[in-house]
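Novice: Take a look at protein07.txt, compact mmCIF, C-alpha atoms and all ligand atoms:
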# COMPACT_ATOMS: atom_id res chain seq x y z
CA MET E 17 -4.55 -30.05 -17.73
CA ALA E 18 -7.85 -28.26 -18.29
CA SER E 19 -10.49 -29.18 -15.70
CA ILE E 20 -13.57 -27.46 -14.30
CA GLY E 21 -12.55 -24.01 -15.46
CA PHE E 22 -9.03 -24.06 -13.99
CA ASP E 23 -5.62 -24.62 -15.45
CA PHE E 24 -2.35 -24.79 -13.47
CA PRO E 25 0.35 -25.83 -15.96
CA ALA E 26 3.86 -26.64 -14.71
CA PRO E 27 6.19 -23.83 -15.78
CA GLN E 28 9.20 -24.63 -17.98
CA ALA E 29 12.30 -23.70 -15.97
CA ASP E 30 15.79 -23.49 -17.42
CA ALA E 31 19.22 -23.14 -15.84
CA SER E 32 19.05 -19.34 -15.92
CA VAL E 33 16.11 -19.42 -13.48
CA ASP E 34 18.12 -21.46 -10.95
CA GLU E 35 21.12 -19.22 -11.47
CA LEU E 36 19.00 -16.14 -10.79
CA ARG E 37 17.60 -17.74 -7.62
CA ARG E 38 21.13 -18.40 -6.35
CA GLU E 39 22.15 -14.80 -7.11
CA VAL E 40 19.16 -13.29 -5.29
CA ARG E 41 19.52 -15.65 -2.33
CA SER E 42 23.19 -14.94 -1.87
CA PHE E 43 22.57 -11.16 -2.10
CA LEU E 44 19.86 -11.46 0.58
CA ASP E 45 22.01 -13.63 2.86
CA GLU E 46 24.79 -11.08 2.62
CA GLU E 47 22.46 -8.11 3.21
CA ALA E 48 20.86 -9.78 6.26
CA ARG E 49 24.29 -10.74 7.61
CA GLN E 50 25.51 -7.15 7.31
CA GLY E 51 22.37 -5.76 8.92
CA GLY E 52 21.11 -4.30 5.63
CA PHE E 53 17.63 -5.35 6.76
CA VAL E 54 15.90 -7.05 9.65
CA PRO E 55 13.53 -9.82 8.44
CA LEU E 56 9.90 -8.75 8.70
CA ALA E 57 6.59 -10.57 8.79
CA ASP E 58 4.37 -9.47 5.90
CA CYS E 59 7.41 -7.72 4.43
CA TRP E 60 5.77 -6.82 1.13
CA CYS E 61 3.28 -4.63 2.99
CA ALA E 62 5.14 -3.80 6.22
CA GLY E 63 8.61 -3.01 4.92
CA ILE E 64 9.03 0.36 3.19
CA ASP E 65 12.72 0.98 2.50
CA PRO E 66 13.37 3.03 -0.65
CA GLY E 67 17.15 2.52 -0.27
CA PHE E 68 16.69 -1.25 -0.35
CA SER E 69 14.43 -0.95 -3.42
CA ARG E 70 17.16 1.07 -5.14
CA LYS E 71 19.67 -1.70 -4.40
CA LEU E 72 17.34 -4.21 -6.09
CA GLY E 73 16.86 -1.83 -9.02
CA ALA E 74 20.62 -1.48 -9.42
CA ARG E 75 20.85 -5.28 -9.73
CA GLY E 76 18.17 -5.33 -12.41
CA TRP E 77 15.58 -7.16 -10.28
CA ILE E 78 12.64 -4.80 -10.78
CA GLY E 79 10.56 -4.81 -13.97
CA VAL E 80 12.50 -7.81 -15.26
CA THR E 81 9.83 -8.87 -17.78
CA TRP E 82 9.55 -5.43 -19.43
CA PRO E 83 11.24 -4.45 -22.72
CA ARG E 84 14.85 -3.33 -22.43
CA ARG E 85 14.08 0.07 -23.89
CA TYR E 86 11.98 0.84 -20.79
CA GLY E 87 14.55 -0.40 -18.30
CA GLY E 88 13.47 -4.06 -18.24
CA ARG E 89 15.42 -7.21 -19.10
CA GLU E 90 12.88 -9.13 -21.20
CA LEU E 91 13.04 -12.10 -18.82
CA SER E 92 10.14 -14.49 -18.23
CA ALA E 93 7.31 -14.40 -15.66
CA LEU E 94 9.09 -17.32 -13.97
CA HIS E 95 12.28 -15.27 -13.53
CA ARG E 96 10.19 -12.58 -11.87
CA TYR E 97 8.47 -15.20 -9.74
CA VAL E 98 11.78 -16.51 -8.43
CA ILE E 99 12.97 -13.02 -7.45
CA THR E 100 9.75 -12.21 -5.60
CA GLU E 101 9.67 -15.62 -3.91
CA GLU E 102 13.21 -15.22 -2.55
CA LEU E 103 12.53 -11.67 -1.32
CA LEU E 104 9.38 -12.81 0.50
CA ALA E 105 11.03 -15.89 1.98
CA ALA E 106 13.78 -13.68 3.42
CA GLY E 107 11.31 -11.14 4.86
CA ALA E 108 13.05 -8.32 2.95
CA PRO E 109 11.61 -4.75 3.07
CA VAL E 110 10.19 -4.58 -0.44
CA HIS E 111 6.95 -2.65 -0.14
CA ALA E 112 8.21 0.62 -1.67
CA HIS E 113 8.53 -0.80 -5.20
CA TRP E 114 6.28 -3.87 -4.91
CA ILE E 115 3.07 -2.50 -6.43
CA ALA E 116 4.84 -0.66 -9.26
CA ASP E 117 6.80 -3.80 -10.18
CA ARG E 118 3.79 -6.10 -9.90
CA GLN E 119 0.98 -4.21 -11.56
CA SER E 120 1.39 -0.46 -12.14
CA GLY E 121 4.40 -0.95 -14.42
CA PRO E 122 2.57 -3.54 -16.57
CA LEU E 123 -0.49 -1.26 -16.62
CA ILE E 124 1.62 1.69 -17.79
CA LEU E 125 3.32 -0.54 -20.35
CA ALA E 126 -0.05 -1.62 -21.75
CA THR E 127 -1.91 1.69 -21.67
CA ALA E 128 0.31 4.78 -21.34
CA SER E 129 1.64 7.10 -24.05
CA GLU E 130 5.16 6.52 -25.34
CA ALA E 131 6.36 9.66 -23.54
CA VAL E 132 5.01 8.45 -20.18
CA LYS E 133 6.45 4.96 -20.69
CA ASN E 134 9.86 6.44 -21.49
CA THR E 135 9.82 8.67 -18.42
CA VAL E 136 8.25 6.49 -15.75
CA LEU E 137 9.14 2.85 -16.47
CA PRO E 138 12.96 3.17 -16.31
CA GLU E 139 12.59 5.03 -13.00
CA ILE E 140 10.42 2.22 -11.60
CA ALA E 141 12.90 -0.39 -12.82
CA ALA E 142 15.72 1.54 -11.12
CA GLY E 143 13.83 1.39 -7.79
CA ARG E 144 13.45 5.18 -7.70
CA CYS E 145 9.77 5.58 -8.57
CA PHE E 146 6.89 4.03 -6.62
CA VAL E 147 3.17 3.86 -7.39
CA ALA E 148 0.13 3.52 -5.10
CA LEU E 149 -3.23 2.00 -5.99
CA GLY E 150 -6.25 4.28 -5.99
CA PHE E 151 -9.17 1.85 -6.20
CA SER E 152 -11.01 1.76 -2.85
CA GLU E 153 -13.03 4.65 -1.44
CA PRO E 154 -15.27 5.21 1.56
CA GLY E 155 -18.29 3.11 0.51
CA ALA E 156 -16.59 1.47 -2.48
CA GLY E 157 -14.36 -1.51 -1.72
CA SER E 158 -15.81 -4.83 -2.83
CA ASP E 159 -18.29 -2.94 -4.98
CA LEU E 160 -15.65 -0.99 -6.86
CA ALA E 161 -18.00 0.03 -9.65
CA SER E 162 -19.63 2.46 -7.23
CA VAL E 163 -16.54 4.72 -6.97
CA ARG E 164 -17.48 8.38 -6.64
CA THR E 165 -14.15 10.03 -7.41
CA ARG E 166 -14.94 12.06 -10.49
CA ALA E 167 -12.87 13.47 -13.33
CA GLN E 168 -14.31 16.27 -15.44
CA ARG E 169 -13.07 17.39 -18.80
CA VAL E 170 -11.26 20.75 -18.92
CA ALA E 171 -8.93 22.30 -21.51
CA GLY E 172 -5.89 20.06 -21.97
CA GLY E 173 -6.93 17.45 -19.43
CA TRP E 174 -9.17 16.63 -16.48
CA THR E 175 -10.01 17.89 -13.01
CA LEU E 176 -10.08 15.14 -10.43
CA SER E 177 -11.99 15.31 -7.13
CA GLY E 178 -12.67 12.66 -4.54
CA THR E 179 -11.16 10.49 -1.80
CA LYS E 180 -9.27 7.21 -2.05
CA LEU E 181 -8.97 5.01 1.01
CA TRP E 182 -6.48 2.39 2.23
CA SER E 183 -3.88 3.44 -0.35
CA SER E 184 -0.92 1.27 0.70
CA GLY E 185 2.42 3.05 0.88
CA ALA E 186 1.12 6.24 -0.79
CA GLN E 187 3.21 8.35 1.59
CA SER E 188 6.37 7.21 -0.19
CA CYS E 189 5.02 7.06 -3.76
CA GLN E 190 5.46 9.55 -6.58
CA TYR E 191 2.28 8.45 -8.40
CA MET E 192 -1.11 6.88 -7.80
CA THR E 193 -3.18 5.09 -10.42
CA VAL E 194 -6.65 6.48 -9.76
CA LEU E 195 -9.90 4.88 -10.89
CA ALA E 196 -12.44 7.66 -11.47
CA ARG E 197 -15.85 8.16 -12.96
CA THR E 198 -15.68 10.12 -16.22
CA SER E 199 -19.33 9.92 -17.23
CA GLU E 200 -22.65 9.68 -15.45
CA ARG E 201 -23.44 6.42 -13.71
CA ASP E 202 -25.76 4.16 -15.69
CA PRO E 203 -27.53 1.59 -13.45
CA GLN E 204 -27.89 -0.71 -16.48
CA GLN E 205 -24.13 -0.63 -17.22
CA ARG E 206 -22.43 -0.24 -13.85
CA HIS E 207 -18.94 -0.89 -15.19
CA ALA E 208 -19.10 1.71 -17.95
CA GLY E 209 -17.82 5.29 -17.68
CA LEU E 210 -14.76 4.57 -15.52
CA THR E 211 -11.24 5.70 -16.44
CA GLN E 212 -7.77 5.28 -14.94
CA PHE E 213 -5.35 8.18 -14.43
CA LEU E 214 -1.70 8.25 -13.45
CA VAL E 215 -1.68 11.08 -10.93
CA PRO E 216 1.58 12.62 -9.63
CA LEU E 217 1.13 12.78 -5.87
CA ASP E 218 2.93 16.12 -5.68
CA SER E 219 0.17 17.75 -7.78
CA VAL E 220 -1.57 20.80 -6.34
CA GLY E 221 -4.73 19.66 -4.51
CA VAL E 222 -3.50 16.21 -3.43
CA SER E 223 -3.15 15.41 0.27
CA VAL E 224 -2.10 12.08 1.74
CA SER E 225 -2.67 11.23 5.40
CA GLY E 226 -1.64 8.04 7.14
CA ILE E 227 -4.06 5.65 8.86
CA ARG E 228 -2.62 3.68 11.77
CA ASP E 229 -3.38 -0.05 11.68
CA MET E 230 -3.55 -2.28 14.75
CA SER E 231 0.09 -3.30 14.44
CA GLY E 232 0.87 0.36 15.15
CA VAL E 233 2.21 1.43 11.75
CA GLU E 234 0.78 3.86 9.23
CA HIS E 235 1.04 1.56 6.29
CA PHE E 236 -2.03 2.72 4.39
CA ASN E 237 -3.48 6.17 3.78
CA GLU E 238 -6.44 8.31 2.96
CA THR E 239 -5.75 10.38 -0.16
CA HIS E 240 -7.82 13.47 -1.04
CA PHE E 241 -8.01 15.00 -4.50
CA GLU E 242 -9.41 18.51 -4.62
CA ASP E 243 -9.78 19.84 -8.16
CA VAL E 244 -6.49 18.26 -9.17
CA PHE E 245 -5.52 18.98 -12.77
CA VAL E 246 -4.40 15.85 -14.64
CA PRO E 247 -3.12 16.42 -18.21
CA ASP E 248 -4.48 14.29 -21.06
CA GLU E 249 -1.18 12.47 -21.41
CA LEU E 250 -1.67 10.94 -17.96
CA VAL E 251 -4.92 9.20 -18.89
CA LEU E 252 -4.19 5.45 -18.90
CA GLY E 253 -5.82 3.69 -21.85
CA ALA E 254 -9.01 4.89 -23.48
CA VAL E 255 -11.50 7.05 -21.60
CA GLY E 256 -14.23 4.70 -20.30
CA ASP E 257 -12.07 1.54 -20.45
CA GLY E 258 -11.07 1.62 -16.78
CA TRP E 259 -13.07 -1.41 -15.70
CA GLN E 260 -11.54 -3.80 -18.24
CA GLN E 261 -8.08 -2.49 -17.36
CA ILE E 262 -8.48 -3.03 -13.65
CA THR E 263 -9.81 -6.55 -14.27
CA ASN E 264 -6.50 -7.36 -15.98
CA GLU E 265 -4.58 -5.58 -13.24
CA LEU E 266 -6.32 -7.50 -10.46
CA ALA E 267 -5.17 -10.78 -11.99
CA LEU E 268 -1.59 -9.55 -11.44
CA GLU E 269 -2.45 -8.18 -8.00
CA ARG E 270 -3.90 -11.48 -6.80
CA SER E 271 -1.64 -14.03 -8.42
CA GLY E 272 1.80 -13.76 -6.84
CA PRO E 273 3.55 -15.72 -4.08
CA GLU E 274 2.91 -12.83 -1.67
CA ARG E 275 -0.59 -14.26 -1.33
CA PHE E 276 0.65 -17.26 0.64
CA LEU E 277 4.15 -16.31 1.86
CA SER E 278 3.36 -13.33 4.13
CA SER E 279 4.02 -15.45 7.24
CA PHE E 280 6.74 -17.67 5.78
CA ILE E 281 9.62 -15.96 7.61
CA VAL E 282 7.82 -16.56 10.93
CA LEU E 283 7.31 -20.22 10.07
CA GLU E 284 10.97 -20.63 9.15
CA LYS E 285 12.26 -18.93 12.31
CA VAL E 286 9.94 -20.92 14.61
CA LEU E 287 10.86 -24.25 12.97
CA GLN E 288 14.56 -23.36 13.15
CA ALA E 289 14.20 -22.56 16.86
CA HIS E 290 12.65 -26.01 17.46
CA ALA E 291 14.78 -28.06 15.08
CA GLY E 292 15.65 -31.39 16.71
CA SER E 293 13.34 -30.85 19.69
CA MET E 294 9.82 -31.09 18.27
CA SER E 295 7.12 -33.11 20.00
CA PRO E 296 5.15 -35.54 17.77
CA GLN E 297 2.24 -33.05 17.78
CA GLN E 298 4.53 -30.19 16.75
CA ALA E 299 6.02 -32.33 13.99
CA ARG E 300 2.49 -33.10 12.74
CA VAL E 301 1.64 -29.39 12.68
CA ALA E 302 4.87 -28.57 10.84
CA GLY E 303 4.30 -31.38 8.34
CA GLY E 304 0.72 -30.25 7.67
CA ILE E 305 1.81 -26.66 7.05
CA ILE E 306 4.61 -27.70 4.71
CA ALA E 307 2.35 -30.01 2.72
CA ARG E 308 -0.14 -27.19 2.17
CA LEU E 309 2.71 -24.84 1.28
CA ARG E 310 3.94 -27.20 -1.43
CA GLY E 311 0.50 -27.54 -2.96
CA LEU E 312 -0.07 -23.79 -2.98
CA ARG E 313 3.35 -23.17 -4.46
CA ALA E 314 2.64 -25.56 -7.33
CA MET E 315 -0.64 -23.77 -8.03
CA SER E 316 0.99 -20.35 -7.78
CA LEU E 317 3.76 -21.41 -10.19
CA GLY E 318 0.99 -22.53 -12.53
CA VAL E 319 -0.39 -18.98 -12.45
CA ALA E 320 3.10 -17.64 -13.30
CA ALA E 321 3.18 -20.07 -16.25
CA LEU E 322 -0.19 -18.76 -17.46
CA LEU E 323 1.03 -15.18 -17.18
CA GLY E 324 4.11 -16.21 -19.16
CA GLN E 325 1.77 -17.45 -21.91
CA GLY E 326 0.22 -13.98 -22.02
CA ARG E 327 -3.03 -15.14 -20.43
CA SER E 328 -4.96 -13.28 -17.72
CA PRO E 329 -5.61 -16.02 -15.14
CA ASP E 330 -8.09 -14.17 -12.94
CA VAL E 331 -9.97 -17.32 -11.82
CA GLU E 332 -6.81 -19.31 -11.02
CA ALA E 333 -5.36 -16.26 -9.23
CA ALA E 334 -8.57 -15.89 -7.17
CA LEU E 335 -8.34 -19.55 -6.15
CA VAL E 336 -4.68 -19.28 -5.09
CA LYS E 337 -5.40 -16.05 -3.21
CA ASP E 338 -8.41 -17.50 -1.40
CA LEU E 339 -6.56 -20.65 -0.31
CA GLY E 340 -3.23 -18.87 0.16
CA THR E 341 -4.41 -16.02 2.38
CA ARG E 342 -6.28 -18.44 4.65
CA PHE E 343 -3.11 -20.52 4.81
CA GLU E 344 -0.88 -17.60 5.78
CA GLN E 345 -3.37 -16.62 8.49
CA ASP E 346 -3.53 -20.21 9.67
CA ILE E 347 0.27 -20.41 10.04
CA CYS E 348 0.12 -17.68 12.71
CA GLU E 349 -2.45 -19.65 14.71
CA ARG E 350 -0.91 -23.10 14.28
CA LEU E 351 2.53 -21.93 15.39
CA ARG E 352 1.06 -21.45 18.86
CA GLU E 353 1.59 -25.22 19.18
CA PHE E 354 5.29 -24.39 19.55
CA GLY E 355 4.84 -22.39 22.72
CA PRO E 356 2.54 -19.83 24.31
CA LEU E 357 2.58 -16.40 22.74
CA ARG E 358 2.43 -13.26 24.87
CA MET E 359 0.82 -10.54 22.79
CA GLN E 360 3.54 -8.14 23.79
CA GLN E 361 6.49 -6.73 21.89
CA GLY E 362 9.79 -5.12 22.83
CA ASP E 363 10.87 -7.64 25.51
CA GLY E 364 14.12 -8.30 23.67
CA ASP E 365 12.80 -11.57 22.21
CA ALA E 366 13.08 -11.13 18.41
CA LEU E 367 11.11 -14.27 17.58
CA GLN E 368 8.28 -13.29 19.91
CA ASP E 369 8.20 -9.81 18.29
CA LEU E 370 8.04 -11.37 14.82
CA GLN E 371 5.21 -13.72 15.82
CA VAL E 372 3.20 -10.97 17.49
CA ASP E 373 3.66 -8.74 14.47
CA SER E 374 2.39 -11.43 12.13
CA MET E 375 -0.64 -12.07 14.41
CA LEU E 376 -1.50 -8.37 14.32
CA ARG E 377 -1.15 -8.16 10.54
CA ALA E 378 -2.90 -11.45 9.71
CA PRO E 379 -6.52 -10.18 9.69
CA SER E 380 -5.69 -7.97 6.68
CA PHE E 381 -4.48 -10.93 4.57
CA THR E 382 -8.00 -11.96 3.54
CA LEU E 383 -9.19 -8.38 2.95
CA ARG E 384 -6.54 -6.60 0.86
CA GLY E 385 -6.68 -7.12 -2.88
CA GLY E 386 -10.33 -8.22 -2.70
CA THR E 387 -11.98 -10.13 0.16
CA ASN E 388 -12.30 -13.90 0.15
CA GLU E 389 -16.08 -13.69 -0.24
CA ILE E 390 -15.59 -11.70 -3.46
CA LEU E 391 -12.95 -14.17 -4.66
CA LYS E 392 -15.34 -17.06 -4.07
CA GLY E 393 -17.84 -15.31 -6.35
CA ILE E 394 -15.19 -15.07 -9.09
CA ILE E 395 -14.26 -18.74 -8.62
CA ALA E 396 -17.91 -19.80 -8.76
CA ARG E 397 -18.34 -17.85 -11.99
CA GLY E 398 -15.19 -19.51 -13.40
CA MET E 399 -16.70 -22.91 -12.57
CA GLY E 400 -19.92 -21.99 -14.33
CA LEU E 401 -21.89 -22.00 -11.07
CA ARG E 402 -23.06 -18.36 -11.27
C1 LIG E 501 -3.80 -3.97 4.39
C2 LIG E 501 -4.71 -3.44 3.31
C3 LIG E 501 -4.15 -2.75 2.25
C4 LIG E 501 -4.98 -2.24 1.26
N1 LIG E 501 -4.40 -1.52 0.23
C5 LIG E 501 -5.20 -0.95 -0.71
C6 LIG E 501 -4.63 -0.14 -1.73
O1 LIG E 501 -3.41 0.04 -1.80
N2 LIG E 501 -5.46 0.46 -2.61
C7 LIG E 501 -6.81 0.29 -2.57
O2 LIG E 501 -7.49 0.83 -3.42
N3 LIG E 501 -7.37 -0.49 -1.61
C8 LIG E 501 -6.61 -1.10 -0.67
N4 LIG E 501 -7.18 -1.86 0.32
C9 LIG E 501 -8.63 -1.96 0.39
C10 LIG E 501 -9.19 -3.32 0.05
O3 LIG E 501 -9.12 -3.58 -1.33
C11 LIG E 501 -10.62 -3.34 0.57
O4 LIG E 501 -10.57 -3.29 1.99
C12 LIG E 501 -11.39 -4.56 0.16
O5 LIG E 501 -11.59 -4.60 -1.23
C13 LIG E 501 -12.76 -4.65 0.86
O6 LIG E 501 -13.46 -3.47 0.71
P1 LIG E 501 -14.08 -2.74 1.99
O7 LIG E 501 -13.01 -2.58 3.01
O8 LIG E 501 -14.78 -1.51 1.52
O9 LIG E 501 -15.12 -3.77 2.60
P2 LIG E 501 -16.61 -4.02 2.09
O10 LIG E 501 -16.62 -4.10 0.61
O11 LIG E 501 -17.52 -3.06 2.75
O12 LIG E 501 -16.88 -5.49 2.65
C14 LIG E 501 -17.24 -5.71 4.02
C15 LIG E 501 -17.54 -7.20 4.18
O13 LIG E 501 -18.68 -7.54 3.37
C16 LIG E 501 -18.34 -8.62 2.49
N5 LIG E 501 -19.00 -8.43 1.19
C17 LIG E 501 -19.05 -7.29 0.46
N6 LIG E 501 -19.69 -7.51 -0.70
C18 LIG E 501 -20.05 -8.82 -0.71
C19 LIG E 501 -20.72 -9.66 -1.65
N7 LIG E 501 -21.14 -9.19 -2.82
N8 LIG E 501 -20.87 -10.96 -1.33
C20 LIG E 501 -20.41 -11.47 -0.16
N9 LIG E 501 -19.79 -10.70 0.78
C21 LIG E 501 -19.60 -9.41 0.51
C22 LIG E 501 -16.84 -8.54 2.33
O14 LIG E 501 -16.29 -9.79 1.95
C23 LIG E 501 -16.39 -8.11 3.71
O15 LIG E 501 -16.30 -9.21 4.57
C24 LIG E 501 -6.38 -2.41 1.32
C25 LIG E 501 -6.93 -3.12 2.40
C26 LIG E 501 -6.11 -3.62 3.39
C27 LIG E 501 -6.75 -4.37 4.54
How does the structure come out when it is put into structure tokens?
Specialist:
Amino acid sequence: MASIGFDFPAPQADASVDELRREVRSFLDEEARQGGFVPLADCWCAGIDPGFSRKLGARGWIGVTWPRRYGGRELSALHRYVITEELLAAGAPVHAHWIADRQSGPLILATASEAVKNTVLPEIAAGRCFVALGFSEPGAGSDLASVRTRAQRVAGGWTLSGTKLWSSGAQSCQYMTVLARTSERDPQQRHAGLTQFLVPLDSVGVSVSGIRDMSGVEHFNETHFEDVFVPDELVLGAVGDGWQQITNELALERSGPERFLSSFIVLEKVLQAHAGSMSPQQARVAGGIIARLRGLRAMSLGVAALLGQGRSPDVEAALVKDLGTRFEQDICERLREFGPLRMQQGDGDALQDLQVDSMLRAPSFTLRGGTNEILKGIIARGMGLR
């Protein structure tokens, strides 16, 4: 149904989607039972476990929508959705491959040379190659067009210099997709003159240093590029087309179930702990959360359906991300109705640790991937209000 600029069609599922869900769920149950992973809050950002990513790759659960010749399985966006949804619901440690599966792989597929596609995509699909995002910089986050990282033409390629900030998981990635300025800034055309590069992070002149967040982990990084040589074959797309490319990429970055399921494992564990003993007020809180969850899930599935139709649903994705990230923050607060929370970890109470962890990570939910104020601007434009 088309309405005021939005469209959330119901996706067409078939038996193979349900079958895949059962397969993934039973693998995860077995892994958790055997101690293969400990469920984490915000697992798609907090859980870096390359060995676990390799296990998923071996089962063919990374890059599932890509062509077979590049290691994919030519499955639908809905098949991919189901895999990601199950991984998130279980709190599995999926960060290592998450970004490459979600957006860098599709970007490489759409813009890289045949040689790069043949080399990199099968490695990503196998869970052996990980990619970080090099968008933000000191002074360029929401206003991404003001990036100052610069690439200058030299024989056979480019020399890259600058600093990228908040690069999630870069310490365990082989590559970073870097947005850089390749021609002088034109105040009349702020989005022109930007280009994307696929930069091997073991190149001479690259240094990655961790930044500790308030949950105590070094999840994101500051990455310096000092006269780093990048060969022509690692330019992604046409020189100067970077802005259009990242617009498409951001639709993938913002549209998945990770934008409302980051606290799901905490919700599940708290409700399980209180099953059969909830007060009427607690039952009301639980009911309210689940109702919102169902609505968001229907909208998010609609975005998967649009992706499956080859569309770039940036407005719908912005809407789901705005509502979804507030929801996943809200879960952390509302679960306080189920008992007081001591902001302390390591007391031997696993549920308390999980809840505290999610509280400490929650402020980032509405920042990463574009802040909610920026998303509201995109939504307003989609509604014709700007
Ligand atoms: C956990 C986490 C992981 C991240 N991972 C990555 C990553 O892997 N790669 C990467 O490149 N970046 C990453 N980021 C960076 C993220 O994309 C930026 O933090 C975000 O885009 C905001 O940019 P900023 O931090 O520079 O804030 P600013 O842009 O300085 O914004 C500060 C405040 O001003 C508001 N504001 C800014 N402009 C406007 C406007 N026009 N209208 C209304 N309000 C406005 C913002 O909403 C915000 O509240 C990550 C961030 C977090 C928190």
Novice: Near Leu322 (chain E), within 9 Å and counting only C-alpha atoms, which residues show up once chain neighbours fewer than 5 positions away are dropped, as a PyMOL selection string?
Specialist: chain E and resi 23-25+27+93+317+327-329
Novice: When you look at region 393-401 of chain E with a cut-off of 12 Å (counting all atoms listed in the file), what residues show up, excluding the ones that are within fewer than 4 positions of it in the same chain? I need them as JSON, numbers by chain.
Specialist: {"E": [18, 19, 20, 21, 22, 23, 158, 263, 266, 267, 329, 330, 331, 332, 333, 334, 335, 336, 337, 338, 339, 386, 387, 388, 389]}
Novice: Which residues sit within 10 Å of ligand LIG 501 (chain E), counting only C-alpha atoms and all ligand atoms, listed as a VMD selection string?
Specialist: chain E and resid 58 61 to 62 115 147 to 160 180 to 186 192 to 195 229 235 to 238 377 to 393
Novice: Hey, can you check how far CA of Val222 (chain E) sits from CA of Arg270 (chain E)?
Specialist: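 Distance between the two atoms: 27.9 Å.
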Novice: Considering all atoms listed in the file, return as a PyMOL selection string whatever protein or nucleic-acid residues lie within 9 Å of region 260-262 of chain E, sequence-local ones (same chain, fewer than 5 positions apart) excluded.
Specialist: chain E and resi 123+127+151+195+207+211-212+252-253+267
Novice: Hey, which of E:Ala141, E:Met375, E:Ala320, E:Val301 ends up closest to Arg358 (chain E)? Count only C-alpha atoms.
Specialist: E:Met375
Novice: Counting all atoms listed in the file, find the residues whose atoms lie at most 8 Å from (2.4, -8.3, -7.0) (file coordinates) and write them out as a short mmCIF file (atom, residue, chain, number, x, y, z; two decimals) with C-alpha atoms, keeping the file's coordinate frame.
Specialist:
data_model
loop_
_atom_site.label_atom_id
_atom_site.label_comp_id
_atom_site.auth_asym_id
_atom_site.auth_seq_id
_atom_site.Cartn_x
_atom_site.Cartn_y
_atom_site.Cartn_z
CA TRP E 114 6.28 -3.87 -4.91
CA ILE E 115 3.07 -2.50 -6.43
CA ASP E 117 6.80 -3.80 -10.18
CA ARG E 118 3.79 -6.10 -9.90
CA GLN E 119 0.98 -4.21 -11.56
CA LEU E 268 -1.59 -9.55 -11.44
CA GLU E 269 -2.45 -8.18 -8.00
CA ARG E 270 -3.90 -11.48 -6.80
CA SER E 271 -1.64 -14.03 -8.42
CA GLY E 272 1.80 -13.76 -6.84
CA GLU E 274 2.91 -12.83 -1.67
#
Novice: Compile the contact shell of Cys59 (chain E) as a PyMOL selection string: residues with an atom at most 8 Å away, counting all atoms listed in the file, same-chain residues fewer than 6 positions apart removed.
Specialist: chain E and resi 104+107-111+278
Novice: Can you spit out the residues from that selection as a short mmCIF file (atom, residue, chain, number, x, y, z; two decimals), in the frame of the given file, using C-alpha atoms?
Specialist:
data_model
loop_
_atom_site.label_atom_id
_atom_site.label_comp_id
_atom_site.auth_asym_id
_atom_site.auth_seq_id
_atom_site.Cartn_x
_atom_site.Cartn_y
_atom_site.Cartn_z
CA LEU E 104 9.38 -12.81 0.50
CA GLY E 107 11.31 -11.14 4.86
CA ALA E 108 13.05 -8.32 2.95
CA PRO E 109 11.61 -4.75 3.07
CA VAL E 110 10.19 -4.58 -0.44
CA HIS E 111 6.95 -2.65 -0.14
CA SER E 278 3.36 -13.33 4.13
#
Novice: Go through E:Tyr191, E:Ser129, E:Thr175, E:Leu210 one by one, measure the shortest atom-to-atom distance of each to Ser162 (chain E) using all atoms listed in the file, and give the residue with the smallest value.
Specialist: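 Of the candidates, the smallest distance to Ser162 (chain E) is held by E:Leu210.
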Novice: Using only C-alpha atoms, pick whichever of E:Ala171, E:Ala289, E:Ala307, E:Val255 has the shortest atom-to-atom distance to Ser199 (chain E).
Specialist: E:Val255
